[in-house]
Amino acid sequence: MNALEAIRRRRSVARLGEPGPDEEQLRQILAAAACAPDHEELRPWRFVVLLGEEKDAFGEVLVSALLHRAEEEGWSPTEGQISKERTKFNRAPVVVAFGCVPKAHKIPAHEQLLSTAAAAENALIAATALGFHSIWRTGQPAYDPVVKTALGLEQGDSIVGWLYIGTAKKAPEERAEPNLDGLVTYWRPEVPATV
Ligand SMILES: Cc1cc2nc3c(=O)[nH]c(=O)nc-3n(C[C@H](O)[C@H](O)[C@H](O)COP(=O)(O)O)c2cc1C
C-alpha cells in the first residue's frame with residue numbers, strides 16, 4: 001500500500017481485536033513514528049508500549065488515577081466508572097502511549113509537542129499500511145499526574161495520546177473525498193491601490 005493510500009484508508013475504530021501487530025510489526029510502526037519531522041533532532045518522543053498482562057496491570061493505575069481525581073474534586077466514582085477505567089485498555093491488543101519529554105532548548109517545547117503529534121500520525125499510517133486498524137485517544141488519563149508518573153514521565157512532560165492498534169471486527173467505512181472548501185487559499189500580493 002502506498003503512503004497516499006494508507007493515509008486515505010486510515011479510519012478510527014473504537015473496538016479492536018486480535019491480531020495486533022507482532023514484535024517486528026510494532027517495531028516498524030514505532031520506527032515510522034521516529035521518522036517524524038524533528039527540529040534539531042531533539043528526539044522528544046517517548047513510546048511506552050502496553051501489552052498483555054502489563055496492559056491489564058495498567059488498568060489499576062488508571063483506577064488509582066480516577067480515584068485520586070475524584071477525591072480531589074469531591075465526588076465518588078460508581079462501580080461502573082471504576083470498571084470502565086480498569087478495562088479501558090482492553091479495547092485493543094496493543095496500546096502505545098505517545099509521550100513528549102521536551103528538552104530545554106532554543107527550539108520551543110511547543111514544536112517538540114508538534115513533533116510528537118507528527119510521530120503519532122506516522123505510527124497510525126504505518127499501522128494502516130501493515131493492515132491494522134487503530135484509534136488515537138486521549139481522555140482524562142492523558143493529563144493525569146498519577147498516570148504520567150506511572151509511565152516514567154515528569155509532570156512537565158505531555159502524553160499526546162494513546163494509540164490503540166489491532167484489527168476491526170468489521171471493516172470501517174471508507175473515508176469520503178475530503179472537503180477542502182474554506183481550507184485552502186492561494187496567496188497573491190495585493191494589487192497596490194492606484195493614486
Ligand atoms: C489529540 C487527539 C485526541 C483524541 N482523543 C480521542 C478520544 O479520547 N476518544 C475518541 O473517541 N476519539 C478521540 N480522538 C478522535 C479520533 O482519534 C478520530 O480522529 C476521530 O474519531 C475521527 O475519526 P477518523 O480518524 O476515522 O477520521 C482524538 C483525536 C486526536 C487528534
# chains A, B, ... in the order shown; residues from 1 in each chain; ligands from 1

$ residues_near_ligand --ligand "ligand 1" --cutoff "6 Å" --atoms "only C-alpha atoms and all ligand atoms" --output "ChimeraX atom specification"
/A:11-12,135-139

$ residues_around --residues "Leu163 of chain A" --least-positions-apart "6" --cutoff "8 Å" --atoms "only C-alpha atoms" --output "NGL selection string"
:A and (95-98 or 120 or 124 or 134-137)

$ write_last_selection --atoms "all heavy atoms" --output "compact mmCIF listing (two decimals), in the first residue's frame"
# COMPACT_ATOMS: atom_id res chain seq x y z
N VAL A 95 -1.59 -1.14 22.98
CA VAL A 95 -1.78 0.29 23.26
C VAL A 95 -0.39 0.90 23.42
O VAL A 95 0.47 0.32 24.09
CB VAL A 95 -2.61 0.52 24.55
CG1 VAL A 95 -2.74 2.01 24.86
CG2 VAL A 95 -3.99 -0.12 24.43
N VAL A 96 -0.18 2.03 22.77
CA VAL A 96 1.12 2.72 22.92
C VAL A 96 0.86 4.15 23.37
O VAL A 96 0.12 4.89 22.71
CB VAL A 96 1.93 2.74 21.61
CG1 VAL A 96 3.32 3.33 21.87
CG2 VAL A 96 2.05 1.34 21.01
N ALA A 97 1.45 4.51 24.51
CA ALA A 97 1.37 5.89 24.97
C ALA A 97 2.44 6.68 24.22
O ALA A 97 3.60 6.26 24.16
CB ALA A 97 1.63 5.96 26.47
N PHE A 98 2.03 7.81 23.65
CA PHE A 98 2.98 8.69 22.98
C PHE A 98 3.25 9.89 23.89
O PHE A 98 2.39 10.76 24.06
CB PHE A 98 2.43 9.16 21.62
CG PHE A 98 2.85 8.25 20.51
CD1 PHE A 98 2.55 6.91 20.55
CD2 PHE A 98 3.59 8.73 19.43
CE1 PHE A 98 2.97 6.04 19.54
CE2 PHE A 98 4.01 7.89 18.41
CZ PHE A 98 3.69 6.54 18.47
N ALA A 120 2.95 10.41 16.17
CA ALA A 120 1.76 9.58 16.39
C ALA A 120 1.03 9.33 15.06
O ALA A 120 0.62 8.21 14.76
CB ALA A 120 0.83 10.27 17.39
N LEU A 124 0.15 5.79 13.09
CA LEU A 124 -1.18 5.35 12.65
C LEU A 124 -1.16 4.97 11.17
O LEU A 124 -1.78 3.99 10.76
CB LEU A 124 -2.21 6.47 12.87
CG LEU A 124 -2.50 6.87 14.32
CD1 LEU A 124 -3.52 8.01 14.35
CD2 LEU A 124 -3.02 5.70 15.14
N SER A 134 -6.82 1.22 13.97
CA SER A 134 -6.27 1.96 15.11
C SER A 134 -7.21 3.08 15.52
O SER A 134 -8.16 3.41 14.81
CB SER A 134 -4.92 2.56 14.70
OG SER A 134 -5.11 3.43 13.58
N ILE A 135 -6.91 3.66 16.67
CA ILE A 135 -7.55 4.92 17.06
C ILE A 135 -6.61 5.67 18.01
O ILE A 135 -5.90 5.04 18.80
CB ILE A 135 -8.93 4.71 17.72
CG1 ILE A 135 -9.60 6.07 18.01
CG2 ILE A 135 -8.85 3.87 18.99
CD1 ILE A 135 -11.09 5.98 18.35
N TRP A 136 -6.59 6.96 17.87
CA TRP A 136 -5.82 7.87 18.73
C TRP A 136 -6.79 8.40 19.77
O TRP A 136 -7.79 9.03 19.43
CB TRP A 136 -5.28 9.00 17.87
CG TRP A 136 -4.47 10.07 18.55
CD1 TRP A 136 -4.43 10.39 19.87
CD2 TRP A 136 -3.61 11.01 17.89
NE1 TRP A 136 -3.58 11.45 20.08
CE2 TRP A 136 -3.07 11.86 18.88
CE3 TRP A 136 -3.25 11.21 16.56
CZ2 TRP A 136 -2.19 12.89 18.58
CZ3 TRP A 136 -2.37 12.25 16.26
CH2 TRP A 136 -1.84 13.07 17.26
N ARG A 137 -6.51 8.11 21.05
CA ARG A 137 -7.37 8.60 22.12
C ARG A 137 -6.57 9.41 23.10
O ARG A 137 -5.35 9.20 23.24
CB ARG A 137 -8.01 7.43 22.87
CG ARG A 137 -9.00 6.60 22.08
CD ARG A 137 -9.55 5.52 23.00
NE ARG A 137 -10.39 4.57 22.33
CZ ARG A 137 -11.71 4.70 22.18
NH1 ARG A 137 -12.33 5.76 22.62
NH2 ARG A 137 -12.41 3.75 21.58

$ select_by_dssp --residues "segment 4-183 of chain A" --states "helix (DSSP H, G or I)" --output "number ranges by chain"
A: 4-9, 23-33, 39-41, 52-73, 79-91, 109-129, 140-143, 145-150

$ residues_around --residues "Gly20 of chain A" --least-positions-apart "4" --cutoff "8 Å" --atoms "only C-alpha atoms" --output "NGL selection string"
:A and (92-94 or 132 or 165-167)

$ closest_atom_pairs --of "segment 82-127 of chain A" --to "segment 57-72 of chain A" --cutoff "10 Å" --atoms "only C-alpha atoms" --output "JSON lines"
{"residue": "A:Ile82", "atom": "CA", "partner": "A:Val63", "partner_atom": "CA", "distance": 6.1}
{"residue": "A:Ser83", "atom": "CA", "partner": "A:Val63", "partner_atom": "CA", "distance": 8.1}
{"residue": "A:Lys84", "atom": "CA", "partner": "A:Val63", "partner_atom": "CA", "distance": 8.9}
{"residue": "A:Glu85", "atom": "CA", "partner": "A:Val63", "partner_atom": "CA", "distance": 5.7}
{"residue": "A:Arg86", "atom": "CA", "partner": "A:Gly59", "partner_atom": "CA", "distance": 4.1}
{"residue": "A:Thr87", "atom": "CA", "partner": "A:Gly59", "partner_atom": "CA", "distance": 6.1}
{"residue": "A:Lys88", "atom": "CA", "partner": "A:Gly59", "partner_atom": "CA", "distance": 7.1}
{"residue": "A:Phe89", "atom": "CA", "partner": "A:Gly59", "partner_atom": "CA", "distance": 7.0}
{"residue": "A:Asn90", "atom": "CA", "partner": "A:Gly59", "partner_atom": "CA", "distance": 8.9}

$ closest_residue --among "A:Ala119, A:Leu130, A:Leu153, A:Val146" --to "Ala34 of chain A" --atoms "only C-alpha atoms"
A:Ala119

$ atom_distance --atom1 "atom CA of Glu41 of chain A" --atom2 "atom CA of Ala123 of chain A"
18.2 Å

$ closest_residue --among "A:Leu114, A:Cys100, A:Ala109, A:Ala193" --to "Gly152 of chain A" --atoms "only C-alpha atoms"
A:Cys100

$ decode --residues "segment 4-16 of chain A" --atoms "all heavy atoms" --output "JSON list (two decimals), in the first residue's frame"
[["chain", "number", "residue", "atom", "x", "y", "z"],
["A", 4, "LEU", "N", -0.07, 7.44, 0.15],
["A", 4, "LEU", "CA", -1.34, 8.16, -0.01],
["A", 4, "LEU", "C", -2.53, 7.26, 0.28],
["A", 4, "LEU", "O", -3.51, 7.66, 0.91],
["A", 4, "LEU", "CB", -1.45, 8.72, -1.43],
["A", 4, "LEU", "CG", -0.61, 9.97, -1.72],
["A", 4, "LEU", "CD1", -0.81, 10.43, -3.16],
["A", 4, "LEU", "CD2", -0.97, 11.09, -0.75],
["A", 5, "GLU", "N", -2.39, 6.01, -0.16],
["A", 5, "GLU", "CA", -3.48, 5.05, 0.08],
["A", 5, "GLU", "C", -3.65, 4.79, 1.58],
["A", 5, "GLU", "O", -4.77, 4.75, 2.10],
["A", 5, "GLU", "CB", -3.15, 3.76, -0.66],
["A", 5, "GLU", "CG", -4.34, 2.92, -0.98],
["A", 5, "GLU", "CD", -3.94, 1.62, -1.66],
["A", 5, "GLU", "OE1", -2.87, 1.59, -2.33],
["A", 5, "GLU", "OE2", -4.67, 0.64, -1.48],
["A", 6, "ALA", "N", -2.53, 4.64, 2.28],
["A", 6, "ALA", "CA", -2.60, 4.38, 3.73],
["A", 6, "ALA", "C", -3.22, 5.58, 4.45],
["A", 6, "ALA", "O", -4.04, 5.41, 5.36],
["A", 6, "ALA", "CB", -1.21, 4.07, 4.28],
["A", 7, "ILE", "N", -2.85, 6.77, 4.02],
["A", 7, "ILE", "CA", -3.40, 7.98, 4.66],
["A", 7, "ILE", "C", -4.91, 8.03, 4.44],
["A", 7, "ILE", "O", -5.68, 8.31, 5.37],
["A", 7, "ILE", "CB", -2.71, 9.25, 4.10],
["A", 7, "ILE", "CG1", -1.27, 9.31, 4.63],
["A", 7, "ILE", "CG2", -3.48, 10.52, 4.46],
["A", 7, "ILE", "CD1", -0.38, 10.31, 3.91],
["A", 8, "ARG", "N", -5.34, 7.73, 3.21],
["A", 8, "ARG", "CA", -6.77, 7.79, 2.89],
["A", 8, "ARG", "C", -7.54, 6.66, 3.55],
["A", 8, "ARG", "O", -8.70, 6.80, 3.91],
["A", 8, "ARG", "CB", -6.96, 7.76, 1.37],
["A", 8, "ARG", "CG", -6.58, 9.05, 0.69],
["A", 8, "ARG", "CD", -7.49, 10.21, 1.10],
["A", 8, "ARG", "NE", -8.86, 10.00, 0.68],
["A", 8, "ARG", "CZ", -9.32, 10.34, -0.51],
["A", 8, "ARG", "NH1", -8.54, 10.94, -1.38],
["A", 8, "ARG", "NH2", -10.57, 10.11, -0.83],
["A", 9, "ARG", "N", -6.88, 5.50, 3.73],
["A", 9, "ARG", "CA", -7.60, 4.35, 4.29],
["A", 9, "ARG", "C", -7.73, 4.40, 5.80],
["A", 9, "ARG", "O", -8.56, 3.72, 6.38],
["A", 9, "ARG", "CB", -6.83, 3.07, 3.94],
["A", 9, "ARG", "CG", -7.29, 2.51, 2.66],
["A", 9, "ARG", "CD", -7.21, 0.99, 2.72],
["A", 9, "ARG", "NE", -7.14, 0.53, 1.38],
["A", 9, "ARG", "CZ", -6.78, -0.67, 1.03],
["A", 9, "ARG", "NH1", -6.40, -1.54, 1.95],
["A", 9, "ARG", "NH2", -6.77, -1.02, -0.22],
["A", 10, "ARG", "N", -6.86, 5.16, 6.47],
["A", 10, "ARG", "CA", -6.88, 5.16, 7.94],
["A", 10, "ARG", "C", -8.22, 5.69, 8.44],
["A", 10, "ARG", "O", -8.64, 6.76, 8.08],
["A", 10, "ARG", "CB", -5.75, 6.04, 8.49],
["A", 10, "ARG", "CG", -5.64, 5.99, 10.01],
["A", 10, "ARG", "CD", -4.92, 7.19, 10.56],
["A", 10, "ARG", "NE", -5.59, 8.42, 10.26],
["A", 10, "ARG", "CZ", -6.71, 8.85, 10.88],
["A", 10, "ARG", "NH1", -7.23, 8.16, 11.87],
["A", 10, "ARG", "NH2", -7.29, 9.98, 10.51],
["A", 11, "ARG", "N", -8.90, 4.89, 9.20],
["A", 11, "ARG", "CA", -10.14, 5.29, 9.86],
["A", 11, "ARG", "C", -10.05, 4.85, 11.31],
["A", 11, "ARG", "O", -9.56, 3.75, 11.59],
["A", 11, "ARG", "CB", -11.37, 4.60, 9.23],
["A", 11, "ARG", "CG", -11.78, 5.03, 7.83],
["A", 11, "ARG", "CD", -11.84, 6.50, 7.56],
["A", 11, "ARG", "NE", -12.47, 7.36, 8.54],
["A", 11, "ARG", "CZ", -13.70, 7.84, 8.45],
["A", 11, "ARG", "NH1", -14.46, 7.54, 7.43],
["A", 11, "ARG", "NH2", -14.18, 8.64, 9.39],
["A", 12, "SER", "N", -10.55, 5.65, 12.20],
["A", 12, "SER", "CA", -10.51, 5.28, 13.61],
["A", 12, "SER", "C", -11.55, 4.21, 13.90],
["A", 12, "SER", "O", -12.68, 4.32, 13.45],
["A", 12, "SER", "CB", -10.76, 6.50, 14.46],
["A", 12, "SER", "OG", -9.71, 7.43, 14.23],
["A", 13, "VAL", "N", -11.13, 3.21, 14.66],
["A", 13, "VAL", "CA", -12.04, 2.12, 15.04],
["A", 13, "VAL", "C", -11.99, 2.02, 16.57],
["A", 13, "VAL", "O", -10.92, 1.88, 17.16],
["A", 13, "VAL", "CB", -11.61, 0.79, 14.38],
["A", 13, "VAL", "CG1", -12.49, -0.35, 14.85],
["A", 13, "VAL", "CG2", -11.67, 0.91, 12.85],
["A", 14, "ALA", "N", -13.17, 2.09, 17.18],
["A", 14, "ALA", "CA", -13.23, 2.19, 18.65],
["A", 14, "ALA", "C", -12.87, 0.87, 19.33],
["A", 14, "ALA", "O", -12.24, 0.87, 20.38],
["A", 14, "ALA", "CB", -14.62, 2.64, 19.07],
["A", 15, "ARG", "N", -13.31, -0.24, 18.77],
["A", 15, "ARG", "CA", -13.03, -1.52, 19.43],
["A", 15, "ARG", "C", -12.26, -2.43, 18.50],
["A", 15, "ARG", "O", -12.72, -2.74, 17.41],
["A", 15, "ARG", "CB", -14.33, -2.17, 19.89],
["A", 15, "ARG", "CG", -14.70, -1.61, 21.21],
["A", 15, "ARG", "CD", -15.86, -2.15, 21.93],
["A", 15, "ARG", "NE", -15.98, -1.48, 23.23],
["A", 15, "ARG", "CZ", -16.17, -0.17, 23.40],
["A", 15, "ARG", "NH1", -16.26, 0.63, 22.35],
["A", 15, "ARG", "NH2", -16.25, 0.35, 24.60],
["A", 16, "LEU", "N", -11.11, -2.85, 19.00],
["A", 16, "LEU", "CA", -10.17, -3.60, 18.16],
["A", 16, "LEU", "C", -9.86, -4.94, 18.80],
["A", 16, "LEU", "O", -9.68, -5.02, 20.02],
["A", 16, "LEU", "CB", -8.90, -2.78, 17.99],
["A", 16, "LEU", "CG", -9.12, -1.43, 17.30],
["A", 16, "LEU", "CD1", -8.01, -0.45, 17.63],
["A", 16, "LEU", "CD2", -9.23, -1.64, 15.80]]
